[in-house]
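Structure file model-v7.cif (mmCIF, C-alpha atoms and all ligand atoms) follows.
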```
data_data
loop_
_atom_site.label_atom_id
_atom_site.label_comp_id
_atom_site.auth_asym_id
_atom_site.auth_seq_id
_atom_site.Cartn_x
_atom_site.Cartn_y
_atom_site.Cartn_z
CA MET A 1269 161.38 -13.88 -50.35
CA LYS A 1270 165.12 -13.52 -50.56
CA TYR A 1271 167.33 -16.49 -49.63
CA GLN A 1272 170.93 -17.00 -48.61
CA ARG A 1273 172.96 -20.11 -49.14
CA VAL A 1274 174.67 -21.72 -46.12
CA PRO A 1275 177.86 -23.25 -47.52
CA LYS A 1276 178.10 -25.91 -44.81
CA THR A 1277 174.58 -27.24 -45.28
CA GLY A 1278 173.83 -26.25 -48.86
CA TRP A 1279 170.50 -24.82 -47.67
CA ASP A 1280 169.02 -21.70 -49.18
CA VAL A 1281 167.63 -20.13 -46.03
CA SER A 1282 164.98 -17.40 -46.18
CA LYS A 1283 166.29 -14.02 -45.02
CA LEU A 1284 163.40 -13.93 -42.55
CA SER A 1285 163.21 -16.98 -40.31
CA PHE A 1286 160.60 -17.99 -37.79
CA GLY A 1287 161.26 -18.16 -34.05
CA CYS A 1288 158.53 -20.08 -32.21
CA MET A 1289 159.17 -18.57 -28.77
CA ARG A 1290 156.32 -16.06 -28.92
CA PHE A 1291 153.29 -18.17 -29.76
CA LYS A 1292 150.09 -17.06 -28.07
CA ASP A 1293 147.53 -19.75 -28.75
CA HIS A 1294 147.04 -22.68 -31.09
CA ASP A 1295 145.02 -21.03 -33.85
CA THR A 1296 147.07 -17.85 -34.19
CA ALA A 1297 150.28 -19.92 -34.09
CA VAL A 1298 149.12 -22.28 -36.85
CA ALA A 1299 147.91 -19.35 -38.95
CA ALA A 1300 151.25 -17.54 -38.49
CA VAL A 1301 153.30 -20.60 -39.47
CA ARG A 1302 151.16 -21.25 -42.56
CA LYS A 1303 151.25 -17.63 -43.66
CA ALA A 1304 155.03 -17.54 -43.22
CA ILE A 1305 155.46 -20.65 -45.34
CA GLU A 1306 153.17 -19.17 -47.98
CA LEU A 1307 155.46 -16.12 -48.03
CA GLY A 1308 158.54 -18.28 -48.51
CA VAL A 1309 159.87 -18.43 -44.95
CA ASN A 1310 161.56 -21.81 -44.67
CA TYR A 1311 163.56 -21.86 -41.40
CA PHE A 1312 161.85 -22.61 -38.08
CA ASP A 1313 163.53 -22.65 -34.68
CA VAL A 1314 161.75 -24.28 -31.76
CA ALA A 1315 162.53 -25.40 -28.21
CA PRO A 1316 160.62 -27.50 -25.69
CA ALA A 1317 160.19 -24.62 -23.22
CA TYR A 1318 158.89 -22.10 -25.73
CA GLY A 1319 155.29 -21.03 -25.36
CA GLY A 1320 155.02 -22.72 -21.98
CA GLY A 1321 155.66 -26.06 -23.69
CA ASN A 1322 153.16 -25.42 -26.50
CA ALA A 1323 155.53 -24.28 -29.25
CA GLU A 1324 156.43 -27.77 -30.47
CA PRO A 1325 152.84 -29.06 -30.74
CA PHE A 1326 151.65 -25.78 -32.30
CA LEU A 1327 154.47 -25.87 -34.87
CA ALA A 1328 153.62 -29.52 -35.56
CA ASP A 1329 150.10 -28.48 -36.56
CA GLY A 1330 151.40 -25.50 -38.53
CA ILE A 1331 153.64 -27.62 -40.76
CA LYS A 1332 151.16 -30.46 -41.28
CA GLY A 1333 151.24 -31.27 -44.99
CA LEU A 1334 154.00 -28.69 -45.53
CA ARG A 1335 156.97 -30.50 -44.01
CA ASP A 1336 158.94 -30.40 -47.25
CA LYS A 1337 158.80 -26.59 -47.27
CA ALA A 1338 160.32 -26.13 -43.81
CA ILE A 1339 163.79 -26.51 -42.34
CA ILE A 1340 163.00 -27.59 -38.79
CA THR A 1341 165.61 -27.14 -36.12
CA ALA A 1342 164.98 -28.29 -32.55
CA LYS A 1343 167.21 -27.92 -29.51
CA SER A 1344 167.91 -28.59 -25.88
CA SER A 1345 170.68 -27.80 -23.43
CA PRO A 1346 172.81 -29.15 -20.62
CA GLY A 1347 172.37 -25.70 -19.10
CA ASN A 1348 169.52 -23.97 -17.30
CA GLY A 1349 168.88 -21.32 -19.94
CA GLY A 1350 171.33 -18.97 -18.23
CA ASP A 1351 174.98 -19.42 -17.33
CA GLY A 1352 174.50 -22.38 -15.04
CA LEU A 1353 173.52 -26.01 -15.05
CA CYS A 1354 170.48 -27.76 -13.67
CA ASP A 1355 169.01 -31.21 -13.24
CA CYS A 1356 167.46 -32.91 -16.21
CA ASN A 1357 164.17 -31.22 -17.12
CA PRO A 1358 162.81 -32.68 -20.37
CA GLN A 1359 159.69 -30.46 -20.35
CA ALA A 1360 161.90 -27.37 -20.56
CA GLY A 1361 164.72 -29.02 -22.53
CA PHE A 1362 167.24 -27.93 -19.90
CA GLY A 1363 169.75 -29.90 -17.82
CA ILE A 1364 170.28 -32.55 -20.52
CA ARG A 1365 173.61 -33.80 -19.21
CA THR A 1366 174.19 -37.29 -20.63
CA ALA A 1367 174.18 -38.84 -24.09
CA ASP A 1368 171.18 -41.00 -23.14
CA GLU A 1369 169.23 -38.00 -21.88
CA ALA A 1370 170.03 -36.18 -25.14
CA ARG A 1371 168.76 -39.10 -27.19
CA ARG A 1372 165.51 -39.26 -25.23
CA GLN A 1373 165.13 -35.49 -25.56
CA ILE A 1374 165.63 -35.54 -29.33
CA GLU A 1375 163.13 -38.38 -29.78
CA ARG A 1376 160.67 -36.60 -27.50
CA SER A 1377 160.81 -33.43 -29.63
CA MET A 1378 160.53 -35.40 -32.88
CA LYS A 1379 157.46 -37.18 -31.56
CA ILE A 1380 155.77 -33.95 -30.46
CA LEU A 1381 156.70 -32.27 -33.75
CA GLY A 1382 155.29 -35.25 -35.62
CA VAL A 1383 158.37 -35.70 -37.80
CA ASP A 1384 160.54 -38.72 -38.52
CA HIS A 1385 163.46 -36.49 -39.46
CA LEU A 1386 164.65 -33.11 -38.22
CA ASP A 1387 166.94 -30.94 -40.33
CA MET A 1388 169.21 -29.77 -37.53
CA TYR A 1389 169.59 -30.20 -33.79
CA GLN A 1390 171.19 -27.49 -31.68
CA PHE A 1391 173.19 -27.16 -28.51
CA TRP A 1392 170.84 -24.58 -27.02
CA ALA A 1393 171.70 -21.77 -24.60
CA CYS A 1394 175.46 -22.27 -24.50
CA HIS A 1395 176.03 -19.03 -22.62
CA SER A 1396 179.15 -19.84 -20.59
CA ASP A 1397 182.34 -21.88 -20.57
CA ALA A 1398 180.80 -24.08 -17.86
CA VAL A 1399 177.79 -24.97 -20.00
CA PHE A 1400 179.99 -25.52 -23.05
CA ALA A 1401 182.35 -27.83 -21.12
CA GLU A 1402 179.42 -29.79 -19.72
CA GLY A 1403 177.90 -30.14 -23.18
CA VAL A 1404 181.01 -31.48 -24.89
CA LYS A 1405 182.28 -33.72 -22.08
CA PRO A 1406 182.71 -37.41 -23.01
CA GLY A 1407 179.40 -39.22 -22.62
CA GLY A 1408 177.61 -35.90 -22.36
CA PHE A 1409 174.92 -34.01 -24.26
CA MET A 1410 176.80 -33.60 -27.55
CA ASP A 1411 177.83 -37.27 -27.68
CA GLY A 1412 174.13 -38.12 -27.76
CA VAL A 1413 173.46 -35.45 -30.39
CA LEU A 1414 176.28 -36.65 -32.66
CA LYS A 1415 175.19 -40.28 -32.40
CA ALA A 1416 171.65 -39.28 -33.37
CA ARG A 1417 172.98 -37.29 -36.32
CA ASP A 1418 175.15 -40.17 -37.47
CA GLU A 1419 172.11 -42.45 -37.29
CA GLY A 1420 170.20 -40.06 -39.54
CA LEU A 1421 167.71 -38.45 -37.12
CA PHE A 1422 168.85 -35.10 -38.55
CA ASP A 1423 171.57 -33.83 -40.85
CA TYR A 1424 173.32 -30.94 -39.16
CA ILE A 1425 174.27 -29.53 -35.77
CA GLY A 1426 174.04 -25.98 -34.52
CA ILE A 1427 174.83 -24.02 -31.40
CA THR A 1428 172.90 -21.11 -29.91
CA THR A 1429 174.53 -18.68 -27.53
CA HIS A 1430 174.25 -15.24 -25.96
CA SER A 1431 178.02 -15.09 -25.39
CA GLU A 1432 180.14 -12.35 -26.93
CA SER A 1433 182.45 -12.83 -29.94
CA ASP A 1434 185.57 -14.05 -28.17
CA ALA A 1435 183.72 -16.74 -26.26
CA ILE A 1436 181.77 -17.85 -29.34
CA ILE A 1437 184.95 -18.19 -31.35
CA ARG A 1438 186.53 -20.09 -28.46
CA TYR A 1439 183.61 -22.56 -28.38
CA LEU A 1440 183.92 -23.11 -32.13
CA LYS A 1441 187.69 -23.57 -31.95
CA GLU A 1442 187.64 -25.83 -28.91
CA SER A 1443 184.72 -27.93 -30.07
CA PRO A 1444 185.82 -31.45 -31.01
CA TYR A 1445 183.45 -31.28 -34.05
CA GLU A 1446 182.32 -28.60 -36.46
CA PHE A 1447 179.03 -26.83 -35.96
CA ASP A 1448 177.13 -25.99 -39.15
CA MET A 1449 175.13 -23.03 -37.86
CA VAL A 1450 175.53 -20.53 -35.03
CA THR A 1451 172.59 -18.60 -33.59
CA LEU A 1452 173.57 -15.44 -31.72
CA PRO A 1453 171.87 -12.21 -30.63
CA PHE A 1454 172.38 -9.46 -33.19
CA HIS A 1455 170.36 -6.30 -33.55
CA VAL A 1456 170.87 -2.66 -34.18
CA LEU A 1457 170.50 -1.81 -30.48
CA ALA A 1458 173.56 -3.91 -29.73
CA ALA A 1459 175.35 -4.77 -32.96
CA THR A 1460 178.19 -6.52 -31.21
CA ARG A 1461 179.43 -10.01 -32.08
CA THR A 1462 180.55 -8.86 -35.54
CA LYS A 1463 183.86 -10.64 -35.01
CA ALA A 1464 182.04 -13.94 -34.45
CA ILE A 1465 179.86 -13.33 -37.52
CA GLU A 1466 182.95 -12.72 -39.62
CA TYR A 1467 184.63 -15.84 -38.21
CA CYS A 1468 181.62 -17.97 -39.16
CA ALA A 1469 181.22 -16.43 -42.59
CA GLU A 1470 184.85 -17.20 -43.42
CA ARG A 1471 184.22 -20.87 -42.61
CA GLY A 1472 180.88 -21.27 -44.35
CA ILE A 1473 179.02 -21.56 -41.04
CA GLY A 1474 175.50 -20.17 -41.19
CA VAL A 1475 174.73 -17.26 -38.85
CA VAL A 1476 171.24 -16.84 -37.49
CA ALA A 1477 170.71 -13.38 -35.99
CA MET A 1478 168.35 -13.84 -33.07
CA ASN A 1479 166.49 -10.97 -31.42
CA PRO A 1480 166.67 -8.81 -34.58
CA LEU A 1481 164.04 -6.57 -33.00
CA GLY A 1482 165.96 -6.32 -29.75
CA GLY A 1483 163.65 -8.90 -28.20
CA GLY A 1484 160.62 -7.01 -29.42
CA ARG A 1485 161.74 -3.61 -28.13
CA LEU A 1486 162.26 -2.25 -31.65
CA GLY A 1487 158.86 -3.52 -32.71
CA ARG A 1488 157.15 -1.58 -29.95
CA PRO A 1489 155.69 1.78 -30.79
CA ALA A 1490 158.18 3.60 -28.55
CA VAL A 1491 158.27 7.25 -29.51
CA VAL A 1492 162.04 7.33 -29.66
CA PHE A 1493 162.16 4.57 -32.31
CA GLN A 1494 159.21 5.84 -34.34
CA LYS A 1495 160.87 9.22 -34.77
CA LEU A 1496 164.12 7.71 -35.94
CA ALA A 1497 162.36 5.43 -38.44
CA ARG A 1498 160.48 8.37 -39.93
CA GLN A 1499 163.72 10.33 -40.30
CA LEU A 1500 165.17 7.41 -42.28
CA GLY A 1501 162.16 7.12 -44.56
CA LEU A 1502 161.27 3.68 -43.19
CA LYS A 1503 157.74 2.44 -42.65
CA SER A 1504 158.61 1.41 -39.11
CA MET A 1505 161.53 0.59 -36.87
CA THR A 1506 160.61 -3.08 -37.38
CA GLU A 1507 161.49 -2.65 -41.03
CA GLY A 1508 164.77 -0.89 -40.23
CA ALA A 1509 165.80 -3.44 -37.62
CA LEU A 1510 165.01 -6.49 -39.76
CA ARG A 1511 166.75 -5.07 -42.80
CA PHE A 1512 169.74 -4.13 -40.66
CA ALA A 1513 170.10 -7.62 -39.13
CA ALA A 1514 169.18 -9.71 -42.17
CA GLY A 1515 171.27 -7.57 -44.48
CA PHE A 1516 174.40 -7.48 -42.33
CA ASP A 1517 177.37 -9.03 -44.09
CA GLY A 1518 177.79 -12.63 -42.95
CA VAL A 1519 174.32 -12.96 -41.44
CA THR A 1520 172.30 -15.72 -43.10
CA THR A 1521 168.89 -14.89 -41.69
CA ALA A 1522 167.07 -12.76 -39.11
CA LEU A 1523 165.25 -15.03 -36.67
CA ASN A 1524 162.14 -13.16 -35.70
CA GLY A 1525 159.86 -14.32 -32.90
CA ILE A 1526 156.48 -14.33 -34.61
CA THR A 1527 153.10 -14.44 -32.88
CA PHE A 1528 150.65 -13.36 -35.55
CA ALA A 1529 150.38 -13.89 -39.31
CA GLU A 1530 150.51 -10.10 -39.83
CA GLN A 1531 153.99 -10.05 -38.32
CA ALA A 1532 155.12 -12.62 -40.86
CA VAL A 1533 153.69 -10.41 -43.61
CA GLU A 1534 155.42 -7.29 -42.22
CA GLY A 1535 158.72 -9.13 -41.71
CA ALA A 1536 158.71 -10.72 -45.16
CA ALA A 1537 157.95 -7.36 -46.81
CA ALA A 1538 160.81 -5.77 -44.84
CA VAL A 1539 163.51 -8.27 -45.79
CA ASP A 1540 162.28 -8.29 -49.38
CA ARG A 1541 163.28 -4.63 -49.58
CA GLY A 1542 166.85 -5.85 -49.18
CA PRO A 1543 169.63 -4.60 -46.93
CA LEU A 1544 169.58 -0.98 -45.82
CA SER A 1545 171.84 1.27 -47.84
CA ALA A 1546 175.20 1.88 -46.18
CA ASP A 1547 174.08 5.43 -45.44
CA ALA A 1548 170.76 4.37 -43.85
CA ALA A 1549 172.47 1.64 -41.80
CA ALA A 1550 175.04 4.16 -40.57
CA ARG A 1551 172.32 6.68 -39.67
CA LEU A 1552 170.27 4.01 -37.93
CA LYS A 1553 173.31 2.98 -35.91
CA ALA A 1554 174.09 6.60 -35.09
CA GLY A 1555 170.51 7.09 -33.94
CA MET A 1556 170.86 4.07 -31.69
CA GLU A 1557 174.11 5.40 -30.33
CA GLU A 1558 172.25 8.57 -29.41
CA ILE A 1559 169.80 6.40 -27.46
CA HIS A 1560 172.75 4.65 -25.83
CA LYS A 1561 173.78 7.96 -24.32
CA PHE A 1562 170.83 7.49 -22.01
CA VAL A 1563 170.51 3.70 -21.82
CA ASN A 1564 173.31 1.22 -21.28
CA PRO A 1565 172.93 -1.26 -24.19
CA ALA A 1566 173.87 -4.09 -21.84
CA HIS A 1567 170.69 -3.27 -19.93
CA PHE A 1568 168.24 -3.83 -22.77
CA CYS A 1569 165.87 -6.53 -21.65
CA THR A 1570 165.08 -8.79 -24.61
CA ASP A 1571 161.77 -9.95 -23.16
CA CYS A 1572 162.86 -13.59 -23.34
CA GLY A 1573 161.13 -14.44 -20.08
CA TYR A 1574 163.84 -16.78 -18.77
CA CYS A 1575 163.84 -14.88 -15.47
CA GLY A 1576 160.47 -16.47 -14.77
CA GLU A 1577 158.11 -15.43 -12.02
CA CYS A 1578 159.15 -12.76 -9.58
CA PRO A 1579 158.12 -13.65 -6.01
CA GLU A 1580 156.88 -10.08 -5.61
CA GLY A 1581 154.71 -10.37 -8.69
CA LEU A 1582 156.69 -7.90 -10.79
CA VAL A 1583 156.34 -8.28 -14.55
CA ILE A 1584 160.07 -7.85 -15.01
CA PRO A 1585 160.39 -7.33 -18.81
CA THR A 1586 157.52 -4.82 -18.85
CA VAL A 1587 158.95 -2.77 -15.98
CA LEU A 1588 162.42 -2.78 -17.55
CA GLY A 1589 160.98 -1.78 -20.94
CA LEU A 1590 159.08 1.14 -19.46
CA TYR A 1591 162.13 2.20 -17.48
CA THR A 1592 164.19 2.29 -20.69
CA ASP A 1593 161.60 4.56 -22.28
CA LEU A 1594 161.68 6.80 -19.20
CA LEU A 1595 165.43 7.21 -19.58
CA VAL A 1596 165.35 8.54 -23.14
CA PRO A 1597 164.18 12.17 -23.15
CA SER A 1598 162.19 11.89 -26.38
CA SER A 1599 160.11 8.97 -25.07
CA ALA A 1600 160.05 9.79 -21.35
CA GLU A 1601 156.85 11.79 -21.38
CA SER A 1602 154.80 9.16 -23.21
CA ALA A 1603 156.23 6.38 -21.01
CA TYR A 1604 155.32 8.33 -17.89
CA ALA A 1605 151.76 8.78 -19.15
CA ALA A 1606 151.55 5.10 -20.16
CA ILE A 1607 152.54 3.98 -16.65
CA GLN A 1608 149.94 6.24 -15.08
CA LYS A 1609 147.28 4.93 -17.46
CA ARG A 1610 148.13 1.27 -16.79
CA ARG A 1611 148.19 1.90 -13.07
CA ALA A 1612 144.80 3.62 -13.23
CA ALA A 1613 143.49 0.59 -15.13
CA GLY A 1614 144.57 -1.58 -12.17
CA GLU A 1615 147.39 -3.42 -13.97
CA ALA A 1616 149.48 -5.30 -11.41
CA GLY A 1617 153.19 -6.00 -11.26
CA LEU A 1618 154.40 -2.65 -12.55
CA ASP A 1619 155.78 -1.01 -9.42
CA PRO A 1620 159.60 -1.35 -9.24
CA ALA A 1621 159.48 -0.39 -5.54
CA ALA A 1622 158.14 -3.90 -4.87
CA CYS A 1623 161.55 -5.41 -5.74
CA THR A 1624 163.25 -6.85 -2.65
CA ALA A 1625 166.54 -7.44 -4.50
CA CYS A 1626 166.28 -11.19 -3.92
CA LYS A 1627 168.14 -11.59 -7.26
CA MET A 1628 166.34 -14.80 -8.16
CA CYS A 1629 165.77 -13.37 -11.63
CA GLU A 1630 169.38 -12.33 -12.15
CA GLY A 1631 170.78 -15.86 -11.92
CA LYS A 1632 168.51 -16.89 -14.78
CA CYS A 1633 168.97 -13.91 -17.08
CA PRO A 1634 171.05 -14.87 -20.14
CA ASN A 1635 171.82 -11.20 -20.71
CA HIS A 1636 173.21 -10.71 -17.21
CA ILE A 1637 170.94 -7.77 -16.56
CA PRO A 1638 171.35 -6.39 -13.04
CA VAL A 1639 167.59 -6.40 -12.60
CA SER A 1640 167.51 -5.45 -8.91
CA GLN A 1641 169.83 -2.50 -9.53
CA LEU A 1642 167.66 -1.27 -12.38
CA MET A 1643 164.50 -1.71 -10.32
CA ALA A 1644 166.01 0.49 -7.61
CA ALA A 1645 167.00 3.10 -10.19
CA ALA A 1646 163.56 2.92 -11.83
CA VAL A 1647 161.89 3.89 -8.55
CA GLU A 1648 163.51 7.32 -8.86
CA ARG A 1649 161.85 8.02 -12.21
CA TRP A 1650 158.56 6.20 -11.70
CA PRO A 1651 155.37 8.26 -11.39
CA LYS A 1652 154.59 8.60 -7.70
CA SER A 1653 151.36 6.98 -6.48
CA GLU A 1654 148.66 9.48 -5.65
S1 LIG A 1701 165.41 -9.23 -7.70
FE1 LIG A 1701 163.52 -8.05 -7.63
S2 LIG A 1701 162.64 -8.31 -9.68
FE2 LIG A 1701 164.14 -9.95 -9.42
S3 LIG A 1701 162.95 -11.70 -8.65
FE3 LIG A 1701 163.78 -10.59 -6.86
S4 LIG A 1701 162.14 -9.18 -6.27
FE4 LIG A 1701 161.68 -9.85 -8.37
S1 LIG A 1702 165.34 -9.63 -17.42
FE1 LIG A 1702 166.70 -11.01 -18.56
S2 LIG A 1702 165.72 -13.01 -18.40
FE2 LIG A 1702 164.18 -11.49 -17.86
S3 LIG A 1702 163.10 -11.10 -19.76
FE3 LIG A 1702 164.71 -9.54 -19.57
S4 LIG A 1702 166.45 -10.38 -20.68
FE4 LIG A 1702 165.04 -12.09 -20.32
#
```

Take the structure in the file and write it out as structure tokens.
Amino acid sequence: MKYQRVPKTGWDVSKLSFGCMRFKDHDTAVAAVRKAIELGVNYFDVAPAYGGGNAEPFLADGIKGLRDKAIITAKSSPGNGGDGLCDCNPQAGFGIRTADEARRQIERSMKILGVDHLDMYQFWACHSDAVFAEGVKPGGFMDGVLKARDEGLFDYIGITTHSESDAIIRYLKESPYEFDMVTLPFHVLAATRTKAIEYCAERGIGVVAMNPLGGGRLGRPAVVFQKLARQLGLKSMTEGALRFAAGFDGVTTALNGITFAEQAVEGAAAVDRGPLSADAAARLKAGMEEIHKFVNPAHFCTDCGYCGECPEGLVIPTVLGLYTDLLVPSSAESAYAAIQKRRAAGEAGLDPAACTACKMCEGKCPNHIPVSQLMAAAVERWPKSE
């Protein structure tokens, strides 16, 4: 495993890090965590809401007896996971609005994780000025976090955000205290936020690239990505995407959402091959730009699931993913056939025509995807029912 030093913390962080948002069940989660540690992965990011509330207890079992090999960072938010605020919801880790609520939330996570000391605690889901202002207000969320840090419950503070560069830099500049790490979305499908990465690197702040696989989209066997990977001499697009994100100048680590031990093996092997050559990175980016001719990069669903349940039963990330494939000529045919096959198998929730444009999902989407608009557009390309 390759490691990168974070000047602010002094940690040597593995170039592949472990996001606990995609756990499936207890046994596969524990096996994945243990395999990752065996491979040298040492950075774990977890939140109360991940895995339907199971991520913290599953991680706790995964690190049993191995605590000294893992940097554990937990988090919660004054926000609702999107741009807005909500009432205090400790199960999800959202709406943590006061210093006392923050303290209770931190202790709750530590208890579930079975640790008497965390390594870092993060201001999670700071996606808007409103959430940032709420978090740093006197007596608010961050006051509780700082007090807990000063009392030794953990050593460092981080911030996670889906905002773009200018807003991220503004948060860091306006913050009354210095954050040690910033977690932001960064992947080859949308390699924006380079200005924020540069800003952090200049100040010794660690940068965690979340969604290195575009929220799983680059790890899917979409025809359009497979072709491009082959052209670049890569084993898979997963390899290309992880090496692109982890190897980008200023990025400390690629935070990959891992479900199975095999993904840890694949990810570790990828980052161990080192950064892509400048030529391969440029060709990969150019290939992505070609895809962008057909798909607006701002419309890539990252499969985070924050939109929750659709009242019409639509499986929103799946429909949006298939729609993306339908838009790109080289993958359209296989996507069309895949939809027909899934429909024939009786799979529910895949018909975009069911969308009533209630927009309940849109208010919760951290990527501001105009879901109802895309559902309406998808209807035009969807295979017609027989
Ligand atoms: S806008 Fe459409 S997809 Fe979103 S929750 Fe409403 S019905 Fe479901
Ligand atoms: S639509 Fe938005 S909230 Fe829902 S899974 Fe996709 S990116 Fe996440």

Which residues, protein or nucleic acid, reach to within 9 Å of (179.0, -18.6, -38.3) in the file's coordinates when using all atoms listed in the file, and can you give that as a PDB file with C-alpha atoms, in the frame of the given file?
```
ATOM      1  CA  PHE A1447     179.030 -26.830 -35.960  1.00  0.00           C
ATOM      2  CA  ASP A1448     177.130 -25.990 -39.150  1.00  0.00           C
ATOM      3  CA  MET A1449     175.130 -23.030 -37.860  1.00  0.00           C
ATOM      4  CA  VAL A1450     175.530 -20.530 -35.030  1.00  0.00           C
ATOM      5  CA  THR A1451     172.590 -18.600 -33.590  1.00  0.00           C
ATOM      6  CA  ALA A1464     182.040 -13.940 -34.450  1.00  0.00           C
ATOM      7  CA  ILE A1465     179.860 -13.330 -37.520  1.00  0.00           C
ATOM      8  CA  GLU A1466     182.950 -12.720 -39.620  1.00  0.00           C
ATOM      9  CA  TYR A1467     184.630 -15.840 -38.210  1.00  0.00           C
ATOM     10  CA  CYS A1468     181.620 -17.970 -39.160  1.00  0.00           C
ATOM     11  CA  ALA A1469     181.220 -16.430 -42.590  1.00  0.00           C
ATOM     12  CA  GLU A1470     184.850 -17.200 -43.420  1.00  0.00           C
ATOM     13  CA  ARG A1471     184.220 -20.870 -42.610  1.00  0.00           C
ATOM     14  CA  GLY A1472     180.880 -21.270 -44.350  1.00  0.00           C
ATOM     15  CA  ILE A1473     179.020 -21.560 -41.040  1.00  0.00           C
ATOM     16  CA  GLY A1474     175.500 -20.170 -41.190  1.00  0.00           C
ATOM     17  CA  VAL A1475     174.730 -17.260 -38.850  1.00  0.00           C
ATOM     18  CA  VAL A1476     171.240 -16.840 -37.490  1.00  0.00           C
ATOM     19  CA  GLY A1518     177.790 -12.630 -42.950  1.00  0.00           C
ATOM     20  CA  VAL A1519     174.320 -12.960 -41.440  1.00  0.00           C
ATOM     21  CA  THR A1520     172.300 -15.720 -43.100  1.00  0.00           C
TER      22      THR A1520
END
```

Non-local contacts of A:Val1563 (10 Å; all atoms listed in the file; under 5 positions in same chain excluded) as a list in words: Met1556, Glu1557, Glu1558, Phe1568, Tyr1591, Thr1592, Asp1593, Leu1594, Leu1595 and Val1596 of chain A

Please produce an output containing C-alpha atoms for each residue in the selection, written as an mmCIF file, in the coordinates of the input.
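Just written: out-v9.cif:
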```cif
data_model
loop_
_atom_site.group_PDB
_atom_site.id
_atom_site.type_symbol
_atom_site.label_atom_id
_atom_site.label_comp_id
_atom_site.auth_asym_id
_atom_site.auth_seq_id
_atom_site.Cartn_x
_atom_site.Cartn_y
_atom_site.Cartn_z
ATOM 1 C CA MET A 1556 170.860 4.070 -31.690
ATOM 2 C CA GLU A 1557 174.110 5.400 -30.330
ATOM 3 C CA GLU A 1558 172.250 8.570 -29.410
ATOM 4 C CA PHE A 1568 168.240 -3.830 -22.770
ATOM 5 C CA TYR A 1591 162.130 2.200 -17.480
ATOM 6 C CA THR A 1592 164.190 2.290 -20.690
ATOM 7 C CA ASP A 1593 161.600 4.560 -22.280
ATOM 8 C CA LEU A 1594 161.680 6.800 -19.200
ATOM 9 C CA LEU A 1595 165.430 7.210 -19.580
ATOM 10 C CA VAL A 1596 165.350 8.540 -23.140
#
```

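Closest to A:Ile1559 among A:Ala1622, A:Leu1457, A:Cys1356, A:Met1505 is A:Leu1457, based on only C-alpha atoms.
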
Ligand LIG 1701 (chain A) neighbours within 8 Å using only C-alpha atoms and all ligand atoms, as an MDAnalysis selection string: chainID A and resid 1575 1577:1584 1620 1622:1630 1639:1640 1643

Best match for closeness to ligand LIG 1702 (chain A) among A:Gly1330, A:Gly1363, A:Gly1320, A:Gly1349, counting all atoms listed in the file: A:Gly1349

Shell of 8 Å around ligand LIG 1702 (chain A) (only C-alpha atoms and all ligand atoms), written as a PyMOL selection string: chain A and resi 1568-1576+1584-1585+1588+1629-1630+1632-1637+1639

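Atom pair atom CA of A:Lys1652 / atom CA of A:Asp1619 has a distance of 9.8 Å (rounded to one decimal).
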
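For A:Leu1353, the non-local neighbours within 9 Å, defined as residues at least 3 positions apart in the same chain or in other chains and counting all atoms listed in the file, are A:Pro1346, A:Gly1347, A:Asn1348, A:Gly1349, A:Gly1350, A:Phe1362, A:Gly1363, A:Arg1365, A:Ala1398, A:Val1399, A:Glu1402.
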
Let me see the file: selected residues, C-alpha atoms, as a short mmCIF file (atom, residue, chain, number, x, y, z; two decimals), in the frame of the given file.
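Written output follows (again_12.cif):
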```
data_model
loop_
_atom_site.label_atom_id
_atom_site.label_comp_id
_atom_site.auth_asym_id
_atom_site.auth_seq_id
_atom_site.Cartn_x
_atom_site.Cartn_y
_atom_site.Cartn_z
CA PRO A 1346 172.81 -29.15 -20.62
CA GLY A 1347 172.37 -25.70 -19.10
CA ASN A 1348 169.52 -23.97 -17.30
CA GLY A 1349 168.88 -21.32 -19.94
CA GLY A 1350 171.33 -18.97 -18.23
CA PHE A 1362 167.24 -27.93 -19.90
CA GLY A 1363 169.75 -29.90 -17.82
CA ARG A 1365 173.61 -33.80 -19.21
CA ALA A 1398 180.80 -24.08 -17.86
CA VAL A 1399 177.79 -24.97 -20.00
CA GLU A 1402 179.42 -29.79 -19.72
#
```

Do a neighbour search on A:Ser1504 at 7 Å with only C-alpha atoms, toss out local chain neighbours closer than 4 positions, and write the hits as a PDB file with C-alpha atoms, in the coordinates of the input.
```pdb
ATOM      1  CA  GLN A1494     159.210   5.840 -34.340  1.00  0.00           C
ATOM      2  CA  ALA A1497     162.360   5.430 -38.440  1.00  0.00           C
ATOM      3  CA  GLY A1508     164.770  -0.890 -40.230  1.00  0.00           C
TER       4      GLY A1508
END
```

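Among the candidates A:Val1281, A:Ile1380, A:Leu1510, A:Ala1600, the residue lying nearest to A:Ala1537 is A:Leu1510 (atoms considered: only C-alpha atoms).
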